[in-house]
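Trainee: What follows is a single structure, and I will ask about it in a moment.
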Amino acid sequence: MDTRPKRTLILVTVLFWFSMYAYVPTMAPYAQQLGASYDMVGLIIGSYGFMQLILRIPIGVFSDAWGNRKLFVIGGIALASVSSLGMWFMPTVGALLIFRALSGVAASTWVDYTVLYASYFPAWESPKALGFINAVNNFGQVTAMLAGGYIAQNMGLEFPFILSAAVGAAGVLLSLFVKEEKAQSKPVSTLVLKEALRDVNLLRLSGLGIILQMVTFVTVFGFLPLAGKALGANSFELGLLTAITIIPSIFSAAMSGSVFIVRYGERATLTAGLFIMSASCMMIPYIGNLSWLYFSQAWGGFGRGLVLPLLMGLSIRNFEGDKRSTAMGVFQGIYGLGMFGGPALAGVLISNFGLSAGFECMGLIGLVGAGLACWRYYLPLGSVVQKVCVTPPKI
């Protein structure tokens with residue numbers, strides 16, 4: 001079997017996420033340096049998710065209809081590069097809001113990255129394939145955050161934007177060589193979208209996705225650097241902090257579909273992952289030194305890596321190939337509500353009650369999600385303890 005198409009898309013995926021995350025560890029401090037309030041910082045962070053909320057479903061529908069996902073892969077990484085360049089070229093709070101929103105447009109094309117990669121595998125291996133491509137996603141983010149934090153520490157907070165733009169430009173060139181078996185184009189129809197929106201299983205999974213993203217975008221990609229800064233972290237240490245939250249998820253994401261659900265089942269894996277990441281969020285206000293903050297957020301990253309690829313794989317498992325982008329678009333579009341609503345809500349809470357209130361509130365919401373997963377998805381304890389491999393019921 002020719003593995004070159006997989007390798008090419010993997011490399012493009014690394015560059016894609018690198019381009020969008022090299023500046024994330026220092027974006028909140030940079031926004032404050034430009035004069036942004038906590039409320040505005042929350043809006044800047046949330047604008048990334050807001051654009052995905054409104055665009056991921058249309059992108060999924062159109063890419064299914066056109067049978068051309070490569071076009072969206074190229075367009076996505078091009079927009080990632082342009083948004084980074086814009087944030088560097090126009091150092092104002094308003095421009096930061098606009099161009100971070102544009103990076104959300106770029107991230108909306110992740111629908112097609114995931115579905116295109118899954119198309120290289122048989123349908124029953126979807127969770128495994130999406131677990132691996134999510135691990136690649138996390139690897140791109142980790143290397144970006146480490147590099148961006150180092151550059152910000154040694155050159156200034158604006159220089160990670162230049163790095164992101166350059167890496168994105170290289171990714172555009174490589175994306176031209178991505179291979180795809182194009183499906184026959186057909187008229188855009190809302191029938192598949194209606195089918196996806198009526199799928200109770202998909203909507204249930206999307207609800208858990210909202211909670212997952214609320215916690216993630218308030219912590220890792222939101223206000224966690226401010227908590228680190230309050231403990232005395234410099235720019236490189238902020239990059240290291242956000243990277244440490246991602247590194248464990250590389251391994252847990254890769255093993256989520258191939259190890260954990262085989263051994264423990266889908267229900268137990270979802271419950272455990274949501275509980276771990278939520279607990280790590282709630283303990284942030286009570287941590288008094290940077291080392292313990294690193295440790296707690298590493299565990300949070302491990303839990304997050306268990307949950308996201310599993311939710312993604314389950315969301316498209318019961319849909320045929322020409323409907324998968326739409327289903328993935330619905331899933332990712334709905335969970336975009338968490339990417340926008342989480343930071344916006346946390347920004348208001350933090351402005352009025354302090355950083356602790358934002359983390360505690362998101363941690364509680366995450367624990368509610370773990371409880372819902374436990375109630376709806378949890379396997380009997382005996383199955384876990386005895387490690388009996390069973391075929392879990394459809395969820």
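Starting from 1 in every chain, residues are counted up; chains themselves are A, B, ... following the order of the structure tokens, and ligands are numbered from 1 as listed.
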Can you tell me, as an NGL selection string, what residues are no more than 7 Å from region 278-293 of chain A when counting only C-alpha atoms, ignoring any on the same chain fewer than 4 positions away?
Mentor: :A and (219 or 228 or 231 or 274 or 297 or 299-300 or 356 or 359-360 or 363 or 366-367)
Trainee: Take the residues that were just selected and, keeping N, CA and C atoms, output them as a PDB file, in the first residue's frame.
Mentor:
ATOM      1  N   THR A 219      -8.584  27.238  29.443  1.00  0.00           N
ATOM      2  CA  THR A 219      -7.304  26.906  30.059  1.00  0.00           C
ATOM      3  C   THR A 219      -6.170  26.989  29.051  1.00  0.00           C
ATOM      4  N   GLY A 228      -0.017  31.327  34.738  1.00  0.00           N
ATOM      5  CA  GLY A 228       1.417  31.078  34.782  1.00  0.00           C
ATOM      6  C   GLY A 228       2.206  32.359  35.002  1.00  0.00           C
ATOM      7  N   LEU A 231       2.391  33.431  38.483  1.00  0.00           N
ATOM      8  CA  LEU A 231       3.344  32.648  39.279  1.00  0.00           C
ATOM      9  C   LEU A 231       4.791  32.948  38.901  1.00  0.00           C
ATOM     10  N   LEU A 274     -12.858  13.128  30.613  1.00  0.00           N
ATOM     11  CA  LEU A 274     -13.525  14.376  31.005  1.00  0.00           C
ATOM     12  C   LEU A 274     -13.283  14.690  32.481  1.00  0.00           C
ATOM     13  N   GLN A 297      -1.413  20.365  34.708  1.00  0.00           N
ATOM     14  CA  GLN A 297      -1.912  20.566  33.347  1.00  0.00           C
ATOM     15  C   GLN A 297      -1.449  19.469  32.389  1.00  0.00           C
ATOM     16  N   TRP A 299      -1.573  16.353  33.271  1.00  0.00           N
ATOM     17  CA  TRP A 299      -2.656  15.388  33.457  1.00  0.00           C
ATOM     18  C   TRP A 299      -3.917  15.834  32.720  1.00  0.00           C
ATOM     19  N   GLY A 300      -4.184  17.137  32.736  1.00  0.00           N
ATOM     20  CA  GLY A 300      -5.333  17.639  31.986  1.00  0.00           C
ATOM     21  C   GLY A 300      -5.210  17.354  30.503  1.00  0.00           C
ATOM     22  N   SER A 356      -9.575  33.037  39.514  1.00  0.00           N
ATOM     23  CA  SER A 356     -10.025  31.798  40.158  1.00  0.00           C
ATOM     24  C   SER A 356     -11.442  31.435  39.735  1.00  0.00           C
ATOM     25  N   PHE A 359     -11.662  29.642  36.251  1.00  0.00           N
ATOM     26  CA  PHE A 359     -11.207  28.247  36.238  1.00  0.00           C
ATOM     27  C   PHE A 359     -12.144  27.336  37.029  1.00  0.00           C
ATOM     28  N   GLU A 360     -12.630  27.824  38.151  1.00  0.00           N
ATOM     29  CA  GLU A 360     -13.524  26.998  38.967  1.00  0.00           C
ATOM     30  C   GLU A 360     -14.841  26.726  38.247  1.00  0.00           C
ATOM     31  N   GLY A 363     -14.224  24.234  35.465  1.00  0.00           N
ATOM     32  CA  GLY A 363     -14.009  22.908  36.028  1.00  0.00           C
ATOM     33  C   GLY A 363     -15.313  22.241  36.433  1.00  0.00           C
ATOM     34  N   GLY A 366     -17.076  21.064  33.367  1.00  0.00           N
ATOM     35  CA  GLY A 366     -16.446  19.839  32.885  1.00  0.00           C
ATOM     36  C   GLY A 366     -16.860  18.621  33.690  1.00  0.00           C
ATOM     37  N   LEU A 367     -16.987  18.788  34.999  1.00  0.00           N
ATOM     38  CA  LEU A 367     -17.415  17.672  35.838  1.00  0.00           C
ATOM     39  C   LEU A 367     -18.854  17.265  35.539  1.00  0.00           C
TER      40      LEU A 367
END
Trainee: Find the residues near region 198-204 of chain A: any atom within 9 Å, counting only C-alpha atoms, skip ones fewer than 3 places away on the same chain, and give them as a list in words.
Mentor: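 In the requested format, the answer is Leu193, Lys194, Glu195, Gly207, Leu208, Gly209, Leu314, Ser315, Ile316, Ala327, Val330, Phe331, Ile334, Lys394 and Ile395 of chain A.
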Trainee: Please provide as a list in words all residues within 12 Å of Ala370 (chain A), with the sequence filter that same-chain residues fewer than 6 positions apart are discarded (counting only C-alpha atoms).
Mentor: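 In the requested format, the answer is Gly207, Leu208, Gly209, Ile211, Leu212, Arg267, Ala268, Thr269, Leu270, Thr271, Ala272, Gly273, Leu274, Phe275, Ile276, Met277, Ser278, Ala279, Gly303, Arg304, Val307, Gly363, Leu364, Arg376, Tyr377 and Tyr378 of chain A.
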Trainee: Can you write just those residues out, C-alpha atoms, as a PDB file, in the first residue's frame?
Mentor:
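This is the output file again-v8.pdb:
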ATOM      1  CA  GLY A 207     -22.873  18.264  23.438  1.00  0.00           C
ATOM      2  CA  LEU A 208     -19.922  16.594  25.129  1.00  0.00           C
ATOM      3  CA  GLY A 209     -17.706  18.321  22.565  1.00  0.00           C
ATOM      4  CA  ILE A 211     -18.064  20.996  27.284  1.00  0.00           C
ATOM      5  CA  LEU A 212     -14.655  19.668  26.219  1.00  0.00           C
ATOM      6  CA  ARG A 267     -18.036   4.857  27.908  1.00  0.00           C
ATOM      7  CA  ALA A 268     -15.325   4.481  30.531  1.00  0.00           C
ATOM      8  CA  THR A 269     -12.749   6.226  28.350  1.00  0.00           C
ATOM      9  CA  LEU A 270     -14.990   9.271  27.833  1.00  0.00           C
ATOM     10  CA  THR A 271     -15.874   9.502  31.514  1.00  0.00           C
ATOM     11  CA  ALA A 272     -12.296   9.203  32.732  1.00  0.00           C
ATOM     12  CA  GLY A 273     -10.946  11.688  30.200  1.00  0.00           C
ATOM     13  CA  LEU A 274     -13.525  14.376  31.005  1.00  0.00           C
ATOM     14  CA  PHE A 275     -13.057  13.907  34.746  1.00  0.00           C
ATOM     15  CA  ILE A 276      -9.252  14.194  34.583  1.00  0.00           C
ATOM     16  CA  MET A 277      -9.224  17.372  32.474  1.00  0.00           C
ATOM     17  CA  SER A 278     -11.970  19.010  34.571  1.00  0.00           C
ATOM     18  CA  ALA A 279     -10.211  18.265  37.856  1.00  0.00           C
ATOM     19  CA  GLY A 303      -7.469  13.452  29.697  1.00  0.00           C
ATOM     20  CA  ARG A 304      -8.250  15.749  26.787  1.00  0.00           C
ATOM     21  CA  VAL A 307     -11.779  12.357  24.708  1.00  0.00           C
ATOM     22  CA  GLY A 363     -14.009  22.908  36.028  1.00  0.00           C
ATOM     23  CA  LEU A 364     -17.525  22.474  37.392  1.00  0.00           C
ATOM     24  CA  ARG A 376     -25.022   7.709  29.491  1.00  0.00           C
ATOM     25  CA  TYR A 377     -21.835   5.910  28.478  1.00  0.00           C
ATOM     26  CA  TYR A 378     -20.263   4.250  31.536  1.00  0.00           C
TER      27      TYR A 378
END
Trainee: List as a ChimeraX atom specification the protein and nucleic acid residues near region 89-106 of chain A, meaning an atom at most 8 Å away when only C-alpha atoms are counted, but skip any in the same chain fewer than 4 places from it.
Mentor: /A:20,31,34-36,43-45,47-52,55,75-80,83-85,110
Trainee: Please produce an output containing C-alpha atoms for each residue in the selection, written as a JSON list (two decimals), in the first residue's frame.
Mentor:
[["chain", "number", "residue", "atom", "x", "y", "z"],
["A", 20, "MET", "CA", -2.00, 28.73, 14.12],
["A", 31, "ALA", "CA", -3.29, 41.53, 24.03],
["A", 34, "LEU", "CA", -1.78, 46.37, 23.68],
["A", 35, "GLY", "CA", -4.36, 47.55, 26.21],
["A", 36, "ALA", "CA", -7.04, 44.83, 26.08],
["A", 43, "LEU", "CA", -13.55, 37.93, 22.97],
["A", 44, "ILE", "CA", -10.26, 37.67, 21.09],
["A", 45, "ILE", "CA", -9.82, 34.09, 22.23],
["A", 47, "SER", "CA", -13.55, 34.83, 18.10],
["A", 48, "TYR", "CA", -11.51, 31.84, 16.94],
["A", 49, "GLY", "CA", -14.28, 29.49, 18.04],
["A", 50, "PHE", "CA", -17.11, 31.76, 16.89],
["A", 51, "MET", "CA", -16.02, 31.55, 13.25],
["A", 52, "GLN", "CA", -15.87, 27.77, 13.50],
["A", 55, "LEU", "CA", -18.55, 27.94, 9.21],
["A", 75, "GLY", "CA", -7.31, 27.23, 1.60],
["A", 76, "GLY", "CA", -7.17, 26.54, 5.32],
["A", 77, "ILE", "CA", -3.40, 26.67, 5.66],
["A", 78, "ALA", "CA", -3.24, 29.74, 3.41],
["A", 79, "LEU", "CA", -5.66, 31.59, 5.69],
["A", 80, "ALA", "CA", -3.66, 30.50, 8.74],
["A", 83, "SER", "CA", -4.06, 35.70, 9.73],
["A", 84, "SER", "CA", -0.67, 35.42, 11.45],
["A", 85, "LEU", "CA", 0.82, 37.98, 9.11],
["A", 110, "TRP", "CA", -10.00, 20.96, 9.94]]
Trainee: Could you please determine the separation between CA of Gly168 (chain A) and CA of Leu337 (chain A) in Å, to one decimal place?
Mentor: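 Computing the Euclidean distance for CA of Gly168 (chain A) and CA of Leu337 (chain A) yields 26.0 Å.
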Trainee: I'd like the contact shell of Ile244 (chain A) - 8 Å cut-off, only C-alpha atoms, skipping same-chain residues fewer than 3 positions apart - returned as a PyMOL selection string.
Mentor: chain A and resi 142+240-241+247-248+294+297-298+301
Trainee: Using only C-alpha atoms, which residues sit within 8 Å of region 150-162 of chain A once same-chain residues fewer than 5 positions away are excluded, as a list of chain:residue names?
Mentor: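 Contacts, with the query itself left out: A:Ala22, A:Tyr23, A:Thr26, A:Tyr30, A:Ser84, A:Leu85, A:Met87, A:Trp88, A:Asn234, A:Ser235, A:Phe236, A:Gly239.
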Trainee: Considering only alpha helix (DSSP H) as DSSP defines it on the backbone, what residues of region 78-321 of chain A qualify? List them as a PyMOL selection string.
Mentor: chain A and resi 78-89+93-107+110-118+126-155+159-175+191-197+200-218+224-230+235-255+261-264+266-282+290-316
